[in-house]
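S.K.: Pasting data-v7.cif here (mmCIF, C-alpha atoms):
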data_my_file
#
loop_
_atom_site.label_atom_id
_atom_site.label_comp_id
_atom_site.auth_asym_id
_atom_site.auth_seq_id
_atom_site.Cartn_x
_atom_site.Cartn_y
_atom_site.Cartn_z
CA MET Z 1 0.00 0.00 0.00
CA TYR Z 2 1.16 3.55 -0.57
CA PHE Z 3 0.64 6.44 1.80
CA ASN Z 4 0.90 9.92 0.36
CA ASN Z 5 0.11 13.36 1.69
CA LYS Z 6 -0.82 15.60 -1.19
CA GLY Z 7 -0.76 19.14 -0.29
CA GLY Z 8 1.74 21.87 -0.18
CA LEU Z 9 2.33 25.09 -1.94
CA SER Z 10 5.81 25.09 -3.34
CA VAL Z 11 8.50 26.29 -5.89
CA THR Z 12 11.46 25.42 -8.48
CA LEU Z 13 14.30 23.69 -10.75
CA ILE Z 14 18.09 23.05 -11.11
CA PHE Z 15 20.62 25.70 -12.11
CA LEU Z 16 23.45 24.85 -9.71
CA CYS Z 17 26.13 25.95 -12.15
CA LEU Z 18 27.20 29.59 -12.22
CA SER Z 19 26.04 30.24 -8.65
CA SER Z 20 27.53 32.00 -5.61
CA ALA Z 21 26.47 32.09 -1.96
CA VAL Z 22 24.47 35.03 -0.64
CA ASN Z 23 23.10 36.00 2.75
CA ALA Z 24 19.48 36.26 3.83
CA GLN Z 25 17.96 39.67 3.12
CA THR Z 26 15.40 41.78 4.94
CA ILE Z 27 13.27 42.58 1.86
CA ARG Z 28 12.33 39.53 -0.19
CA HIS Z 29 10.13 38.57 -3.10
CA ILE Z 30 6.63 37.42 -2.13
CA ALA Z 31 7.40 33.94 -3.57
CA ASP Z 32 10.79 33.61 -1.87
CA PRO Z 33 10.80 30.52 0.43
CA LEU Z 34 12.93 32.45 2.97
CA ASN Z 35 10.48 35.36 3.08
CA LEU Z 36 9.59 35.94 6.75
CA THR Z 37 6.62 38.28 6.34
CA SER Z 38 3.16 37.24 7.52
CA THR Z 39 0.75 36.13 4.80
CA LEU Z 40 -2.74 34.86 4.10
CA GLY Z 41 -3.72 32.86 1.03
CA ALA Z 42 -6.25 30.54 -0.57
CA GLY Z 43 -6.53 28.54 -3.74
CA PHE Z 44 -7.58 25.38 -5.56
CA ASP Z 45 -5.38 22.33 -6.00
CA ALA Z 46 -7.26 20.47 -8.74
CA ASP Z 47 -10.80 20.42 -7.23
CA VAL Z 48 -9.68 20.82 -3.58
CA LEU Z 49 -10.01 24.19 -1.85
CA LYS Z 50 -7.03 25.04 0.36
CA VAL Z 51 -6.32 27.85 2.78
CA ALA Z 52 -2.93 28.97 4.13
CA GLY Z 53 -1.44 31.40 6.61
CA ARG Z 54 2.01 32.35 7.83
CA LEU Z 55 3.15 34.24 10.94
CA GLY Z 56 6.59 35.79 10.49
CA GLY Z 57 9.17 37.33 12.79
CA GLU Z 58 12.66 38.81 12.60
CA SER Z 59 14.41 35.47 12.08
CA GLN Z 60 11.71 32.81 12.00
CA LYS Z 61 8.26 31.95 10.71
CA ILE Z 62 5.56 29.35 11.23
CA GLU Z 63 3.02 28.52 8.54
CA LEU Z 64 0.03 26.27 8.07
CA ASN Z 65 -1.85 25.17 4.97
CA SER Z 66 -4.82 22.87 4.91
CA ASN Z 67 -7.63 21.63 2.73
CA PHE Z 68 -10.97 23.19 3.58
CA GLY Z 69 -12.10 20.08 5.45
CA GLY Z 70 -9.08 20.23 7.74
CA ASP Z 71 -8.21 16.53 7.48
CA LYS Z 72 -5.07 17.13 5.39
CA TRP Z 73 -2.70 19.82 6.60
CA HIS Z 74 0.95 20.89 6.62
CA LEU Z 75 2.55 22.76 9.53
CA ALA Z 76 6.05 24.17 8.89
CA TYR Z 77 8.68 26.13 10.81
CA LEU Z 78 11.72 28.00 9.46
CA TYR Z 79 14.61 29.53 11.35
CA SER Z 80 16.62 31.97 9.21
CA PRO Z 81 19.42 33.65 11.22
CA GLN Z 82 19.67 36.76 8.99
CA SER Z 83 23.42 36.78 9.63
CA ALA Z 84 26.34 37.53 7.33
CA LEU Z 85 28.18 34.69 9.10
CA SER Z 86 25.75 31.98 8.04
CA ASN Z 87 23.88 30.99 4.88
CA TRP Z 88 22.21 27.98 6.52
CA ASN Z 89 18.55 27.98 7.47
CA LEU Z 90 16.80 25.30 9.54
CA SER Z 91 13.42 23.91 8.48
CA ALA Z 92 11.02 21.55 10.26
CA SER Z 93 7.56 20.38 9.26
CA ILE Z 94 4.70 17.99 9.96
CA LYS Z 95 2.25 16.78 7.29
CA HIS Z 96 -0.96 14.94 8.05
CA GLY Z 97 -3.15 13.12 5.59
CA LYS Z 98 -5.71 10.36 5.15
CA THR Z 99 -5.20 7.75 2.47
CA ASP Z 100 -7.66 5.16 1.18
CA THR Z 101 -6.04 1.78 0.47
CA GLU Z 102 -7.25 -1.67 -0.45
CA ILE Z 103 -7.28 -2.66 3.24
CA GLY Z 104 -8.84 0.46 4.70
CA ARG Z 105 -8.34 4.15 5.36
CA PHE Z 106 -5.26 5.25 7.30
CA ASN Z 107 -4.11 8.42 9.02
CA HIS Z 108 -0.46 9.16 8.41
CA TYR Z 109 2.05 11.80 9.48
CA GLN Z 110 5.33 12.87 7.90
CA TYR Z 111 7.93 14.53 10.14
CA GLN Z 112 10.76 16.30 8.35
CA LEU Z 113 13.94 18.18 9.28
CA GLY Z 114 16.17 19.96 6.80
CA VAL Z 115 18.71 22.69 6.11
CA ILE Z 116 18.28 25.26 3.33
CA SER Z 117 21.03 27.18 1.57
CA GLU Z 118 20.54 30.09 -0.84
CA PHE Z 119 22.53 31.02 -3.95
CA ASN Z 120 22.51 33.62 -6.70
CA GLY Z 121 22.13 31.82 -10.01
CA TRP Z 122 22.11 32.35 -13.73
CA MET Z 123 20.05 35.25 -15.16
CA ASP Z 124 19.41 36.79 -11.71
CA SER Z 125 17.57 33.72 -10.47
CA ALA Z 126 17.51 32.83 -6.77
CA ILE Z 127 18.32 29.17 -6.04
CA PHE Z 128 17.47 27.36 -2.81
CA THR Z 129 18.79 23.88 -2.04
CA GLU Z 130 17.48 21.77 0.82
CA LEU Z 131 18.78 18.53 2.31
CA GLY Z 132 16.84 16.69 4.98
CA ALA Z 133 15.28 13.53 6.36
CA ASN Z 134 11.64 12.48 6.50
CA TYR Z 135 9.94 9.99 8.84
CA LEU Z 136 6.59 8.51 7.78
CA SER Z 137 4.36 7.29 10.62
CA VAL Z 138 1.18 5.38 9.73
CA LYS Z 139 -1.47 5.08 12.44
CA ASP Z 140 -2.79 1.51 13.00
CA ASN Z 141 -0.18 0.09 10.59
CA PRO Z 142 3.30 0.71 12.06
CA ASN Z 143 4.88 -1.86 9.72
CA SER Z 144 4.50 0.75 6.97
CA ASP Z 145 6.64 3.35 8.76
CA SER Z 146 9.83 4.41 6.94
CA ILE Z 147 12.63 6.98 6.88
CA THR Z 148 13.84 8.74 3.73
CA ALA Z 149 16.63 11.13 2.79
CA ASN Z 150 15.37 14.15 0.82
CA ALA Z 151 16.93 16.66 -1.56
CA SER Z 152 15.24 19.55 -3.35
CA VAL Z 153 16.13 22.53 -5.50
CA THR Z 154 13.92 25.60 -5.86
CA VAL Z 155 14.49 28.32 -8.46
CA LEU Z 156 12.76 31.71 -8.31
CA LYS Z 157 13.10 33.79 -11.47
CA PRO Z 158 11.56 37.30 -11.55
CA TRP Z 159 11.12 38.45 -15.16
CA SER Z 160 9.90 41.94 -14.27
CA ASP Z 161 8.47 43.85 -11.32
CA ARG Z 162 5.24 41.91 -11.87
CA TRP Z 163 5.87 38.52 -13.52
CA TYR Z 164 7.87 35.63 -12.11
CA ASN Z 165 8.35 31.86 -12.36
CA THR Z 166 9.10 29.33 -9.67
CA LEU Z 167 10.29 25.81 -10.47
CA VAL Z 168 10.83 22.96 -8.00
CA ALA Z 169 12.44 19.55 -8.28
CA GLN Z 170 12.66 17.25 -5.29
CA GLY Z 171 13.23 13.58 -4.61
CA SER Z 172 13.47 11.21 -1.66
CA ALA Z 173 14.53 7.60 -1.13
CA ALA Z 174 14.26 5.29 1.87
CA ILE Z 175 17.37 4.80 4.00
CA ASP Z 176 15.96 2.09 6.28
CA GLY Z 177 15.81 -0.79 3.81
CA SER Z 178 12.20 -0.27 2.69
CA GLU Z 179 11.24 0.50 -0.90
CA ARG Z 180 9.92 4.05 -0.72
CA TYR Z 181 10.67 6.58 -3.45
CA GLU Z 182 9.09 9.93 -4.19
CA THR Z 183 9.69 12.43 -6.98
CA HIS Z 184 7.88 15.77 -7.17
CA ALA Z 185 8.25 18.59 -9.67
CA TRP Z 186 6.15 21.68 -10.22
CA LEU Z 187 6.20 24.90 -12.18
CA SER Z 188 4.25 28.04 -11.35
CA LEU Z 189 3.69 31.32 -13.13
CA GLY Z 190 3.01 34.25 -10.84
CA TYR Z 191 1.88 37.84 -11.20
CA ARG Z 192 2.30 40.46 -8.47
CA VAL Z 193 -0.73 42.73 -8.59
CA THR Z 194 0.99 44.90 -5.95
CA GLU Z 195 3.92 44.33 -3.60
CA ARG Z 196 1.45 42.77 -1.16
CA TRP Z 197 -0.81 40.76 -3.49
CA SER Z 198 0.01 38.08 -6.02
CA TRP Z 199 -1.63 35.17 -7.81
CA GLU Z 200 -0.09 32.00 -9.19
CA ILE Z 201 -1.11 29.23 -11.56
CA ARG Z 202 0.70 25.94 -10.98
CA TYR Z 203 1.29 22.62 -12.68
CA ARG Z 204 2.56 19.73 -10.56
CA TYR Z 205 3.80 16.20 -11.29
CA GLU Z 206 4.18 13.53 -8.62
CA SER Z 207 5.56 10.00 -8.81
CA ASN Z 208 5.49 7.83 -5.70
CA GLN Z 209 6.38 4.23 -4.97
CA TYR Z 210 5.99 2.27 -1.76
CA GLU Z 211 6.95 -1.41 -1.75
CA ASN Z 212 4.95 -2.96 -4.65
CA PHE Z 213 2.54 -0.05 -5.08
CA SER Z 214 3.17 3.00 -7.24
CA GLU Z 215 1.25 6.12 -8.27
CA GLU Z 216 1.69 8.96 -10.75
CA GLU Z 217 -0.38 12.13 -10.81
CA THR Z 218 -0.46 15.55 -12.42
CA LYS Z 219 -2.45 18.52 -11.13
CA TRP Z 220 -3.25 22.11 -12.01
CA GLY Z 221 -3.74 24.66 -9.28
CA ILE Z 222 -4.37 28.36 -8.74
CA ALA Z 223 -3.75 30.47 -5.63
CA VAL Z 224 -3.96 34.05 -4.37
CA GLN Z 225 -1.66 35.33 -1.62
CA SER Z 226 -1.33 38.54 0.40
CA GLN Z 227 1.60 39.54 2.60
CA PHE Z 228 1.56 42.22 5.28
#
For the structure just supplied, provide its representation as structure tokens.

M.R.:
Amino acid sequence: MYFNNKGGLSVTLIFLCLSSAVNAQTIRHIADPLNLTSTLGAGFDADVLKVAGRLGGESQKIELNSNFGGDKWHLAYLYSPQSALSNWNLSASIKHGKTDTEIGRFNHYQYQLGVISEFNGWMDSAIFTELGANYLSVKDNPNSDSITANASVTVLKPWSDRWYNTLVAQGSAAIDGSERYETHAWLSLGYRVTERWSWEIRYRYESNQYENFSEEETKWGIAVQSQF
């Protein structure tokens, strides 16, 4: 059986060549994953309505996104030191979902820790790389629990004061002997109506495998976000 939590808003691609390290900045693009401002947002992921919010501070933020029913959600924390001495940022998150399988419906949680580094890339793009580990816990079926190592690259490319693209590529593989593999990629086109408001249209591809079960899926989505 395969357990998957579908849900998050995200960003990126792979331009690791021609890049140099930079430090976290106070003023950031609305789609920047290290942006610490507070936000509110809502949108559709395929036919599912989702809502999201983020509470930011000087060097950290906590954010939550959920489907409208509240049974699938993602809670995330980021610590960004805003220091010229460090380009490393700590991330932690919990995802909860419910998955229907051939032997019943299961609640599952994914606990993840990671470190994020930022680079200046080709054509004024901002590149964010993250390395981490993910633990999957399945309620009422602990034999399905597993641990994976994760890697992701996010590219944010502003084309003008208004238009921008974000592209994400991420993958994970089990490190505990189980057969669990996940590959996600998505591309979004965004338009900043003002510095505080933006909308995005997204296309996402997911490929997941757990033991002898596999799944592939593509989705369109649209979202509106406001920062303050």

S.K.: From the options Z:Gly132, Z:Gly121, Z:Pro81, Z:Gly43, which residue's atoms come nearest to Phe68 in chain Z, counting only C-alpha atoms?

M.R.: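 Selected residue with least distance to Phe68 in chain Z: Z:Gly43.
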
S.K.: In terms of the shortest atom-to-atom distance over all atoms listed in the file, which of Z:Ser178, Z:Thr37, Z:Gln82, Z:Ser172 is closest to Lys61 in chain Z?

M.R.: Z:Thr37

S.K.: Using all atoms listed in the file, I'd like a table of the residues in range 24-81 of chain Z that come within 10 Å of range 181-200 of chain Z; for each, show the closest atom pair and its distance in Å rounded to one decimal, ordered by chain and ascending number, as CSV.

M.R.:
residue,atom,partner,partner_atom,distance
Z:His29,CA,Z:Glu195,CA,8.5
Z:Ile30,CA,Z:Arg196,CA,7.5
Z:Ala31,CA,Z:Gly190,CA,8.5
Z:Thr39,CA,Z:Arg196,CA,8.9
Z:Leu40,CA,Z:Trp197,CA,9.8
Z:Gly41,CA,Z:Trp199,CA,9.4
Z:Ala42,CA,Z:Trp199,CA,9.8
Z:Gly43,CA,Z:Glu200,CA,9.1

S.K.: In Å to one decimal, how far is CA of Leu55 in chain Z from CA of Ile94 in chain Z?

M.R.: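 About the pair CA of Ile94 in chain Z and CA of Leu55 in chain Z: they are 16.4 Å apart.
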
S.K.: Please evaluate the PyMOL selection byres ((chain Z and resi 56) around 9) against the displayed coordinates and give the resulting residues as a ChimeraX atom specification.

M.R.: /Z:35-39,54-55,57-63

S.K.: Hey, which of Z:Val51, Z:Ala92, Z:Leu113, Z:Leu78 ends up closest to Ser66 in chain Z? Count all atoms listed in the file.

M.R.: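 Closest residue, counting all atoms listed in the file: Z:Val51.
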
S.K.: Tell me which of Z:Glu215, Z:Trp122, Z:Leu167, Z:His108 sits closest to Asp140 in chain Z, counting all atoms listed in the file.

M.R.: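 Counting all atoms listed in the file, the residue closest to Asp140 in chain Z is Z:His108.
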
S.K.: May I have the residues within 9 Å of Lys219 in chain Z as a list in words, using only C-alpha atoms and disregarding those fewer than 3 positions away in the same chain?

M.R.: Asp45, Ala46, Arg202, Tyr203, Arg204, Tyr205 and Glu206 of chain Z

S.K.: Please measure the separation of CA of Ser91 in chain Z and CA of Asn143 in chain Z, giving the value in Å to one decimal.

M.R.: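 These atoms are spaced 27.2 Å apart.
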